[in-house]
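Next comes work-v4.txt, a file with compact mmCIF, C-alpha atoms and all ligand atoms.
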# COMPACT_ATOMS: atom_id res chain seq x y z
CA MET A 103 0.00 0.00 0.00
CA ALA A 104 1.33 3.43 -0.93
CA VAL A 105 2.67 5.51 1.94
CA LEU A 106 0.51 8.59 2.32
CA SER A 107 1.68 11.97 3.50
CA THR A 108 -0.07 13.57 6.47
CA ARG A 109 -1.68 16.01 4.04
CA GLU A 110 -3.07 13.18 1.92
CA LYS A 111 -4.35 11.45 5.03
CA LEU A 112 -5.96 14.69 6.12
CA ALA A 113 -7.77 14.98 2.78
CA ILE A 114 -9.13 11.43 3.08
CA LEU A 115 -9.96 11.43 6.77
CA SER A 116 -11.56 14.86 6.90
CA ASP A 117 -13.71 13.98 3.88
CA ALA A 118 -14.69 10.70 5.56
CA ALA A 119 -15.73 12.59 8.70
CA LYS A 120 -18.11 14.91 6.89
CA TYR A 121 -20.97 12.39 7.14
CA ASP A 122 -21.01 12.82 10.89
CA ALA A 123 -23.56 15.47 11.78
CA SER A 124 -23.08 15.36 15.49
CA CYS A 125 -20.73 18.27 15.40
CA ALA A 126 -23.32 20.44 13.71
CA SER A 127 -22.11 23.18 11.41
CA SER A 128 -23.19 26.67 12.12
CA GLY A 129 -23.74 29.34 9.54
CA ALA A 130 -20.60 31.24 10.49
CA GLY A 131 -19.01 33.17 7.67
CA GLY A 132 -15.58 32.12 6.53
CA ARG A 133 -12.39 33.81 7.71
CA ASP A 134 -9.24 33.44 5.73
CA SER A 135 -6.36 35.69 6.53
CA LEU A 136 -3.88 33.95 4.24
CA LYS A 137 -4.30 36.64 1.63
CA SER A 138 -4.01 39.48 4.11
CA GLY A 139 -0.83 38.07 5.62
CA GLY A 140 -2.38 37.58 9.05
CA ILE A 141 -2.93 34.35 10.93
CA GLY A 142 -6.07 32.30 11.33
CA SER A 143 -8.54 30.76 8.91
CA THR A 144 -11.88 29.03 9.26
CA GLU A 145 -11.62 27.56 5.79
CA GLY A 146 -9.72 24.55 4.57
CA MET A 147 -9.61 20.78 4.87
CA GLY A 148 -11.21 19.26 7.93
CA ILE A 149 -12.45 22.47 9.51
CA CYS A 150 -16.09 22.72 10.51
CA HIS A 151 -18.08 24.90 12.88
CA SER A 152 -19.87 23.86 15.98
CA TYR A 153 -21.35 25.31 19.15
CA ALA A 154 -19.42 24.90 22.38
CA PRO A 155 -21.40 24.13 25.56
CA ASP A 156 -21.34 27.83 26.47
CA GLY A 157 -23.05 28.71 23.17
CA ARG A 158 -20.01 30.11 21.36
CA CYS A 159 -19.59 29.18 17.72
CA ILE A 160 -16.19 27.57 17.31
CA SER A 161 -14.18 26.05 14.47
CA LEU A 162 -13.11 22.46 14.88
CA LEU A 163 -10.69 20.15 13.16
CA LYS A 164 -13.12 17.35 12.24
CA ILE A 165 -11.39 14.13 11.30
CA LEU A 166 -11.42 10.37 11.66
CA LEU A 167 -8.47 8.61 13.23
CA THR A 168 -8.94 6.07 10.46
CA ASN A 169 -11.53 5.14 7.87
CA PHE A 170 -10.48 1.50 7.95
CA CYS A 171 -13.27 -0.42 9.63
CA ILE A 172 -13.89 -4.05 10.47
CA TYR A 173 -17.66 -3.46 10.52
CA ASP A 174 -19.92 -3.38 7.51
CA CYS A 175 -22.77 -1.01 8.28
CA SER A 176 -24.69 -0.76 4.98
CA TYR A 177 -25.29 3.00 5.17
CA CYS A 178 -21.64 3.92 5.81
CA ILE A 179 -19.13 4.97 3.19
CA ASN A 180 -16.33 3.57 5.37
CA ARG A 181 -17.82 0.07 5.80
CA SER A 182 -15.37 -2.79 5.28
CA SER A 183 -16.83 -3.74 1.88
CA SER A 184 -16.69 -0.17 0.55
CA ASN A 185 -14.23 0.60 -2.19
CA VAL A 186 -12.92 3.88 -0.80
CA ARG A 187 -9.38 5.09 -0.41
CA ARG A 188 -8.25 4.29 3.12
CA ALA A 189 -5.91 6.06 5.48
CA ARG A 190 -4.93 5.94 9.12
CA PHE A 191 -3.40 8.63 11.26
CA THR A 192 -0.95 7.80 13.98
CA VAL A 193 -1.64 9.25 17.41
CA ASP A 194 1.34 11.50 16.92
CA GLU A 195 0.00 12.86 13.62
CA VAL A 196 -3.38 13.81 15.12
CA VAL A 197 -1.69 15.51 18.07
CA ARG A 198 0.68 17.43 15.80
CA LEU A 199 -2.03 18.44 13.34
CA THR A 200 -4.29 19.67 16.13
CA MET A 201 -1.53 21.66 17.75
CA ASP A 202 -0.30 23.10 14.42
CA PHE A 203 -3.80 24.19 13.42
CA TYR A 204 -4.48 25.52 16.89
CA LYS A 205 -1.28 27.55 17.05
CA ARG A 206 -2.05 29.03 13.63
CA ASN A 207 -5.48 30.01 14.93
CA TYR A 208 -7.24 27.87 12.29
CA ILE A 209 -9.23 25.98 14.91
CA GLU A 210 -10.46 26.18 18.47
CA GLY A 211 -10.97 22.48 18.99
CA LEU A 212 -10.99 18.91 17.73
CA PHE A 213 -13.80 16.57 16.73
CA LEU A 214 -12.39 13.05 16.55
CA SER A 215 -14.23 9.95 15.40
CA SER A 216 -12.98 6.69 13.91
CA GLY A 217 -13.70 3.48 12.07
CA VAL A 218 -13.05 0.39 14.16
CA ILE A 219 -9.60 -1.10 13.65
CA ARG A 220 -8.86 -4.60 14.95
CA SER A 221 -11.15 -4.21 17.99
CA PRO A 222 -13.24 -1.51 19.67
CA ASP A 223 -10.81 -1.40 22.61
CA GLU A 224 -7.73 -0.99 20.40
CA THR A 225 -9.39 1.85 18.52
CA MET A 226 -10.60 3.53 21.68
CA THR A 227 -7.16 3.17 23.28
CA GLU A 228 -5.61 5.19 20.45
CA MET A 229 -8.34 7.83 20.60
CA VAL A 230 -7.89 8.21 24.35
CA GLU A 231 -4.15 8.50 23.85
CA VAL A 232 -4.69 11.37 21.41
CA VAL A 233 -6.76 13.35 23.90
CA ARG A 234 -4.54 12.44 26.86
CA ARG A 235 -1.47 13.69 25.05
CA LEU A 236 -3.22 16.84 23.92
CA ARG A 237 -4.34 17.70 27.43
CA LEU A 238 -1.38 16.53 29.51
CA ASP A 239 1.67 16.77 27.24
CA GLU A 240 0.65 19.68 25.03
CA LYS A 241 -1.51 21.49 27.62
CA PHE A 242 -4.14 21.90 24.91
CA GLY A 243 -6.98 24.00 26.31
CA GLY A 244 -9.29 23.90 23.26
CA TYR A 245 -12.61 22.10 22.90
CA ILE A 246 -12.56 18.33 22.29
CA HIS A 247 -15.54 16.26 21.13
CA LEU A 248 -14.74 12.55 21.05
CA LYS A 249 -16.98 10.03 19.35
CA THR A 250 -16.68 6.90 21.44
CA ILE A 251 -16.94 3.29 20.28
CA PRO A 252 -19.94 1.76 22.10
CA GLU A 253 -18.37 -1.68 22.45
CA ALA A 254 -15.20 -0.25 24.03
CA SER A 255 -14.61 -0.98 27.71
CA ALA A 256 -16.15 1.30 30.32
CA GLU A 257 -12.65 2.07 31.70
CA LEU A 258 -11.56 3.51 28.35
CA VAL A 259 -14.72 5.60 28.00
CA GLU A 260 -14.16 6.86 31.53
CA LYS A 261 -10.61 7.86 30.69
CA ALA A 262 -11.86 9.67 27.59
CA GLY A 263 -14.23 11.71 29.76
CA LEU A 264 -11.33 13.03 31.79
CA TYR A 265 -9.89 14.77 28.74
CA ALA A 266 -12.80 15.41 26.34
CA ASP A 267 -15.39 18.16 26.71
CA ARG A 268 -18.12 16.14 25.08
CA LEU A 269 -18.51 12.44 24.42
CA SER A 270 -20.97 10.94 21.99
CA ILE A 271 -22.16 7.48 21.11
CA ASN A 272 -24.22 7.03 17.95
CA VAL A 273 -27.50 5.16 18.22
CA GLU A 274 -27.26 5.05 14.41
CA LEU A 275 -30.92 4.34 13.54
CA PRO A 276 -34.25 5.09 15.20
CA THR A 277 -35.23 1.47 15.82
CA ASP A 278 -33.50 -1.68 17.02
CA GLU A 279 -34.84 -3.50 13.94
CA GLY A 280 -33.17 -0.89 11.72
CA VAL A 281 -29.83 -1.34 13.49
CA LYS A 282 -30.07 -5.13 13.26
CA ARG A 283 -30.90 -4.98 9.57
CA LEU A 284 -28.45 -2.30 8.41
CA ALA A 285 -25.64 -2.57 10.99
CA PRO A 286 -25.82 -6.25 11.97
CA GLU A 287 -22.52 -6.20 13.88
CA LYS A 288 -23.79 -3.51 16.24
CA ARG A 289 -25.99 -4.29 19.18
CA PRO A 290 -28.55 -1.68 20.22
CA GLU A 291 -28.51 -3.05 23.79
CA THR A 292 -24.76 -2.45 24.02
CA ILE A 293 -25.17 1.11 22.73
CA ARG A 294 -27.83 1.79 25.38
CA VAL A 295 -25.73 0.27 28.15
CA SER A 296 -22.79 2.48 27.13
CA MET A 297 -25.00 5.56 27.19
CA ALA A 298 -26.42 4.62 30.60
CA LYS A 299 -22.92 4.10 32.03
CA LEU A 300 -21.78 7.39 30.62
CA ARG A 301 -24.78 9.17 32.12
CA SER A 302 -24.02 7.66 35.55
CA LYS A 303 -20.38 8.64 35.29
CA ILE A 304 -21.21 12.22 34.28
CA GLU A 305 -23.63 12.52 37.21
CA GLU A 306 -21.21 10.91 39.64
CA LYS A 307 -18.37 13.24 38.66
CA ALA A 308 -20.65 16.26 38.88
CA GLU A 309 -20.84 15.72 42.65
CA PRO A 310 -18.04 17.19 44.80
CA THR A 311 -15.83 14.49 46.29
CA LEU A 312 -16.06 13.94 50.05
CA ARG A 313 -12.33 14.34 50.51
CA THR A 314 -11.48 17.38 48.40
CA LYS A 315 -14.98 18.92 48.10
CA THR A 316 -14.20 19.66 44.47
CA ARG A 317 -15.75 18.31 41.28
CA GLU A 318 -13.61 16.23 38.97
CA ARG A 319 -13.68 17.51 35.40
CA PHE A 320 -15.49 14.89 33.35
CA ALA A 321 -17.08 15.51 29.94
CA PRO A 322 -18.47 18.92 31.01
CA GLY A 323 -20.29 19.22 27.67
CA GLY A 324 -22.24 16.03 28.43
CA GLN A 325 -23.08 13.36 25.90
CA SER A 326 -24.88 13.46 22.57
CA THR A 327 -25.88 11.04 19.83
CA GLN A 328 -26.73 10.89 16.17
CA MET A 329 -29.52 9.17 14.24
CA ILE A 330 -29.59 8.62 10.52
CA VAL A 331 -32.87 9.71 8.97
CA GLY A 332 -34.32 8.14 5.84
CA ALA A 333 -32.11 5.03 5.64
CA ASP A 334 -35.04 2.95 6.89
CA ALA A 335 -38.78 3.46 6.78
CA THR A 336 -39.24 4.80 10.33
CA PRO A 337 -41.63 7.76 10.17
CA ASP A 338 -40.88 11.03 11.95
CA ALA A 339 -43.23 10.07 14.81
CA GLY A 340 -41.03 7.02 15.50
CA ILE A 341 -37.85 9.10 15.27
CA LEU A 342 -39.17 11.66 17.75
CA LYS A 343 -40.34 8.91 20.09
CA THR A 344 -36.82 7.49 20.13
CA SER A 345 -35.36 10.97 20.73
CA ALA A 346 -37.74 11.61 23.64
CA ARG A 347 -36.71 8.29 25.18
CA LEU A 348 -33.02 9.11 24.71
CA TYR A 349 -33.34 12.55 26.28
CA GLY A 350 -35.30 11.13 29.19
CA SER A 351 -33.21 8.03 29.83
CA TYR A 352 -29.69 9.26 29.26
CA GLN A 353 -29.84 13.02 29.84
CA LEU A 354 -28.41 13.71 26.40
CA ARG A 355 -27.48 17.26 25.53
CA ARG A 356 -28.40 16.78 21.89
CA VAL A 357 -29.77 14.28 19.43
CA TYR A 358 -28.45 15.05 15.97
CA TYR A 359 -30.41 14.05 12.88
CA SER A 360 -28.40 13.21 9.81
CA ALA A 361 -30.24 12.79 6.50
CA PHE A 362 -29.12 9.58 4.85
CA SER A 363 -26.84 10.11 1.83
CA PRO A 364 -26.82 7.43 -0.85
CA ILE A 365 -23.35 5.91 -1.14
CA PRO A 366 -21.59 4.17 -4.03
CA ASP A 367 -22.26 0.41 -4.44
CA ALA A 368 -24.96 0.63 -1.80
CA SER A 369 -26.85 -2.37 -0.52
CA SER A 370 -30.29 -2.99 -2.03
CA ALA A 371 -31.67 -2.63 1.51
CA LEU A 372 -31.10 1.13 1.26
CA PRO A 373 -33.25 3.69 -0.53
CA LEU A 374 -31.91 5.03 -3.82
CA ARG A 375 -32.65 8.64 -2.98
CA LYS A 376 -31.79 10.75 -0.01
CA PRO A 377 -34.69 12.19 2.00
CA PRO A 378 -35.49 15.88 1.44
CA LEU A 379 -33.12 18.09 3.43
CA MET A 380 -36.22 19.84 4.76
CA ARG A 381 -37.11 16.65 6.65
CA GLU A 382 -33.93 16.91 8.70
CA HIS A 383 -34.71 20.60 9.34
CA ARG A 384 -38.27 19.85 10.49
CA LEU A 385 -36.98 17.15 12.84
CA TYR A 386 -34.62 19.66 14.44
CA GLN A 387 -37.56 22.08 14.87
CA ALA A 388 -39.69 19.33 16.44
CA ASP A 389 -36.80 18.35 18.69
CA TRP A 390 -36.59 22.00 19.77
CA LEU A 391 -40.31 21.95 20.61
CA MET A 392 -39.75 18.98 22.93
CA ARG A 393 -36.74 20.48 24.65
CA PHE A 394 -37.64 24.15 24.99
CA TYR A 395 -41.36 24.61 24.28
CA GLY A 396 -42.93 22.03 26.57
CA PHE A 397 -44.37 19.84 23.81
CA ASP A 398 -44.71 16.16 24.43
CA GLN A 399 -43.43 14.05 21.56
CA SER A 400 -46.88 12.46 21.10
CA GLU A 401 -48.60 15.84 20.57
CA ILE A 402 -46.28 17.06 17.83
CA LEU A 403 -47.70 14.61 15.33
CA ASP A 404 -51.10 13.90 16.85
CA GLY A 405 -53.76 13.53 14.18
CA GLN A 406 -51.16 13.24 11.40
CA PRO A 407 -52.09 9.86 9.90
CA ASP A 408 -48.76 9.11 8.18
CA GLY A 409 -46.72 10.14 11.23
CA MET A 410 -44.62 12.51 9.11
CA LEU A 411 -43.85 16.15 9.78
CA ASP A 412 -45.29 18.61 7.29
CA LEU A 413 -42.46 19.73 5.03
CA GLU A 414 -44.19 22.98 4.04
CA ILE A 415 -44.81 24.48 7.46
CA ASP A 416 -42.98 24.30 10.77
CA PRO A 417 -44.23 21.77 13.34
CA LYS A 418 -45.55 24.39 15.78
CA LEU A 419 -47.69 26.06 13.13
CA ALA A 420 -48.87 22.62 11.95
CA TRP A 421 -49.86 21.75 15.53
CA ALA A 422 -51.71 25.06 16.00
CA LEU A 423 -53.64 24.59 12.76
CA ARG A 424 -54.73 21.13 13.89
CA ASN A 425 -55.66 22.44 17.35
CA ARG A 426 -57.48 25.68 16.54
CA ALA A 427 -59.86 25.18 19.45
CA SER A 428 -56.95 26.17 21.75
CA PHE A 429 -56.76 29.62 20.08
CA PRO A 430 -56.92 32.59 20.09
CA LEU A 431 -54.98 33.14 23.30
CA ASP A 432 -55.03 36.41 25.19
CA VAL A 433 -51.42 37.64 25.34
CA ASN A 434 -52.27 39.68 28.43
CA ARG A 435 -53.48 36.67 30.42
CA ALA A 436 -52.21 33.38 28.96
CA ASP A 437 -49.61 31.52 30.99
CA LYS A 438 -46.09 30.95 29.73
CA GLU A 439 -46.77 27.34 28.77
CA MET A 440 -49.55 28.38 26.38
CA LEU A 441 -47.75 31.47 25.05
CA LEU A 442 -44.93 29.15 23.95
CA ARG A 443 -47.45 27.31 21.77
CA ILE A 444 -48.37 30.36 19.70
CA PRO A 445 -46.86 30.11 16.20
CA GLY A 446 -44.32 32.85 15.66
CA PHE A 447 -43.38 33.24 19.32
CA GLY A 448 -39.90 32.11 20.29
CA THR A 449 -38.76 31.63 23.89
CA ARG A 450 -37.23 35.11 23.87
CA ALA A 451 -40.45 36.76 22.64
CA VAL A 452 -42.44 34.97 25.35
CA GLU A 453 -40.01 36.16 28.03
CA ARG A 454 -40.28 39.72 26.75
CA ILE A 455 -44.09 39.55 26.66
CA ILE A 456 -44.27 38.30 30.26
CA GLU A 457 -41.80 40.96 31.34
CA THR A 458 -43.61 43.78 29.51
CA ARG A 459 -47.13 42.91 30.66
CA ARG A 460 -46.06 43.33 34.29
CA PHE A 461 -46.28 47.06 33.80
CA LYS A 462 -48.59 47.56 30.80
CA ARG A 463 -51.32 45.87 28.81
CA LEU A 464 -50.23 44.77 25.37
CA ARG A 465 -51.74 45.94 22.11
CA LEU A 466 -51.10 44.22 18.77
CA GLU A 467 -48.44 46.77 17.82
CA ASP A 468 -46.60 46.06 21.11
CA VAL A 469 -46.61 42.35 20.32
CA GLY A 470 -45.33 43.16 16.82
CA ARG A 471 -42.28 44.81 18.36
CA LEU A 472 -41.59 41.79 20.55
CA CYS A 473 -41.75 39.02 17.94
CA GLN A 474 -40.39 38.44 14.46
CA SER A 475 -43.55 38.05 12.38
CA ILE A 476 -46.81 39.55 13.52
CA ALA A 477 -48.54 38.19 10.37
CA LYS A 478 -47.98 34.65 11.64
CA VAL A 479 -48.99 35.46 15.21
CA ARG A 480 -52.09 37.59 14.52
CA PRO A 481 -54.66 34.83 13.85
CA PHE A 482 -53.76 33.07 17.10
CA ILE A 483 -53.86 35.90 19.65
CA VAL A 484 -56.12 38.40 21.35
CA ALA A 485 -54.56 41.68 22.52
CA ASP A 486 -55.95 45.01 23.68
CA GLY A 487 -57.88 46.39 20.70
CA TRP A 488 -57.33 43.21 18.64
CA SER A 489 -59.30 40.04 18.10
CA PRO A 490 -58.82 37.79 15.06
CA GLY A 491 -62.57 37.13 14.84
CA ALA A 492 -63.30 34.26 12.48
CA THR A 493 -59.75 34.27 11.04
CA THR A 494 -58.54 31.59 13.46
CA ASP A 495 -61.05 29.13 12.04
CA ALA A 496 -60.89 30.24 8.41
CA ALA A 497 -60.51 27.36 5.95
CA ARG A 498 -57.80 29.26 4.06
CA LEU A 499 -55.74 30.22 7.10
CA ARG A 500 -52.95 27.82 6.23
CA GLU A 501 -52.56 29.26 2.73
CA THR A 502 -52.50 32.80 4.00
CA ILE A 503 -49.76 32.32 6.59
CA ALA A 504 -47.70 29.40 5.26
CA PRO A 505 -44.46 30.52 3.65
CA LYS A 506 -44.42 30.27 -0.13
CA PRO A 507 -42.80 26.99 -1.22
CA ARG A 508 -39.21 27.38 -2.30
CA GLN A 509 -36.92 25.00 -4.09
CA LEU A 510 -34.38 23.57 -1.66
CA GLU A 511 -32.80 21.02 -3.90
CA LEU A 512 -32.59 20.68 -7.65
CA LEU A 513 -33.47 16.99 -7.69
S1 LIG A 601 -18.66 1.07 12.63
FE1 LIG A 601 -18.80 3.23 12.08
S2 LIG A 601 -17.18 3.52 10.56
FE2 LIG A 601 -17.50 1.32 10.75
S3 LIG A 601 -18.93 0.81 9.11
FE3 LIG A 601 -20.15 1.17 10.96
S4 LIG A 601 -20.72 3.36 10.89
FE4 LIG A 601 -19.02 3.02 9.43

What do you get writing this file as structure tokens?
Amino acid sequence: MAVLSTREKLAILSDAAKYDASCASSGAGGRDSLKSGGIGSTEGMGICHSYAPDGRCISLLKILLTNFCIYDCSYCINRSSSNVRRARFTVDEVVRLTMDFYKRNYIEGLFLSSGVIRSPDETMTEMVEVVRRLRLDEKFGGYIHLKTIPEASAELVEKAGLYADRLSINVELPTDEGVKRLAPEKRPETIRVSMAKLRSKIEEKAEPTLRTKTRERFAPGGQSTQMIVGADATPDAGILKTSARLYGSYQLRRVYYSAFSPIPDASSALPLRKPPLMREHRLYQADWLMRFYGFDQSEILDGQPDGMLDLEIDPKLAWALRNRASFPLDVNRADKEMLLRIPGFGTRAVERIIETRRFKRLRLEDVGRLCQSIAKVRPFIVADGWSPGATTDAARLRETIAPKPRQLELL
């Protein structure tokens, strides 16, 4: 096999990592000071953007340790039977690359995942060594997100938590049947046990020790997971049910949804086309409703016979249109829980409304100043001097407030 340079490996292993959505990109604009003679760039191979636990948008070096893999998950470009160019970094190369990029101000952190080489423990040992060396030898203070191998030993995962800010374990697919069919070497029970152990460890380390009365630093960014959407037939209702269970059982910080991408020489068990990108977007919106807007997973798609989110309108508007009997709501009296259900109100707008109405009664124009789109809100609220009358129940309400369809993808 040809010997690859570090640069060639970087090209292969950063490209291979792009399918992982669990270090979500932000919409940050690019910075490239090469032309101006300064230092620092957010562009270039392997660099993506993500949000740190404190909400800052940061640039990460996003790479795999290797794209060799002994497993053969049908949906994965790096599966053992795939005919892709392979590469493998040494521990030393990942440490040097991270430090070089960091010192040049290209990145603020590292996202490291890997195919499984020889055994889960051997792979995990190398990944832990990367983060140990970065933290202890190089005194690297940047953000580290480590994708752990579920079958690796609990001791190795525990070590990883000492050095990484966030750990994640992919559940891969929304149902156990899907995992068994498309990733037969993976065991959903093992993935769940790993998540449960990680949750316990995070909680245990969050408590001050009896002796020193201090907390040991352990994965302060918590744990997250990723689910592939559209590789099997699970409807959105099933996906959200799985997410709700994951949030509840394992205290995850995030579930990431990654739209399935067709891969070369794919198995006939996989669909030929990728799902619409809008489906992934709607799932994120629905996930947001569960985490920040007090919606139960079962309500988001109640009365939707196919169990799929509406691609044309956001899930909160879809819910309000199906539950018109709950509206209009009086913005001067409704409690926070109900205000959060009004289409067009974000958490910030609701806070500002509650704050403002402590000292004055709100008119429609006041509400307009506190939210982004009064046109969307108007049919669902009552304010001083404003009532929507029959608009809330109008048959054409959806057409009047739904955004005009736009083409997201060419094909
Ligand atoms: S274990 Fe990970 S890298 Fe290997 S084939 Fe499965 S999804 Fe791909």

**Request:** Quick one: everything within 10 Å of Glu195 in chain A, counting all atoms listed in the file, minus sequence neighbours fewer than 6 positions away in the same chain. Send it as a list in words.
**Result:**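 That gives Thr108, Lys111, Leu112, Leu167, Met201 and Val232 of chain A.
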
**Request:** Please identify every polymer residue within 10 Å of ligand LIG 601 (chain A), using only C-alpha atoms and all ligand atoms, and present the set as a ChimeraX atom specification.
**Result:** /A:118-119,121-122,166,168-184,215-219,222,251-252,272,274,284-288

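Restricting the calculation to only C-alpha atoms, the smallest distance between Leu275 in chain A and any of A:Glu253, A:Asp334, A:Glu439, A:Glu414 is found for A:Asp334.
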
**Request:** List every protein, DNA or RNA residue with an atom no more than 7 Å from (-16.8, 7.0, 22.3) in the file's coordinates, counting only C-alpha atoms, and format the result as a PyMOL selection string.
**Result:** chain A and resi 248-252+259+269-271

**Message:** Could you check the closest approach to Pro322 in chain A for each of A:His151, A:Arg190, A:Arg268, A:Arg498 and tell me which residue wins, using only C-alpha atoms?
**Reply:** A:Arg268

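You will find CA of Pro490 in chain A at 19.9 Å from CA of Ala451 in chain A.
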
**Prompt:** Closest to Ala254 in chain A among A:Pro366, A:Ala335, A:Met226, A:Val273, using all atoms listed in the file?
**Reply:**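 For Ala254 in chain A, the nearest of the given residues is A:Met226.
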
**Request:** Work out how far CA of Arg220 in chain A is from CA of Phe191 in chain A, in Å to one decimal.
**Result:** 14.8 Å

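Nearest residue to Arg463 in chain A, choosing from A:Leu162, A:Val433, A:Ala368, A:Leu441 and counting all atoms listed in the file: A:Val433.
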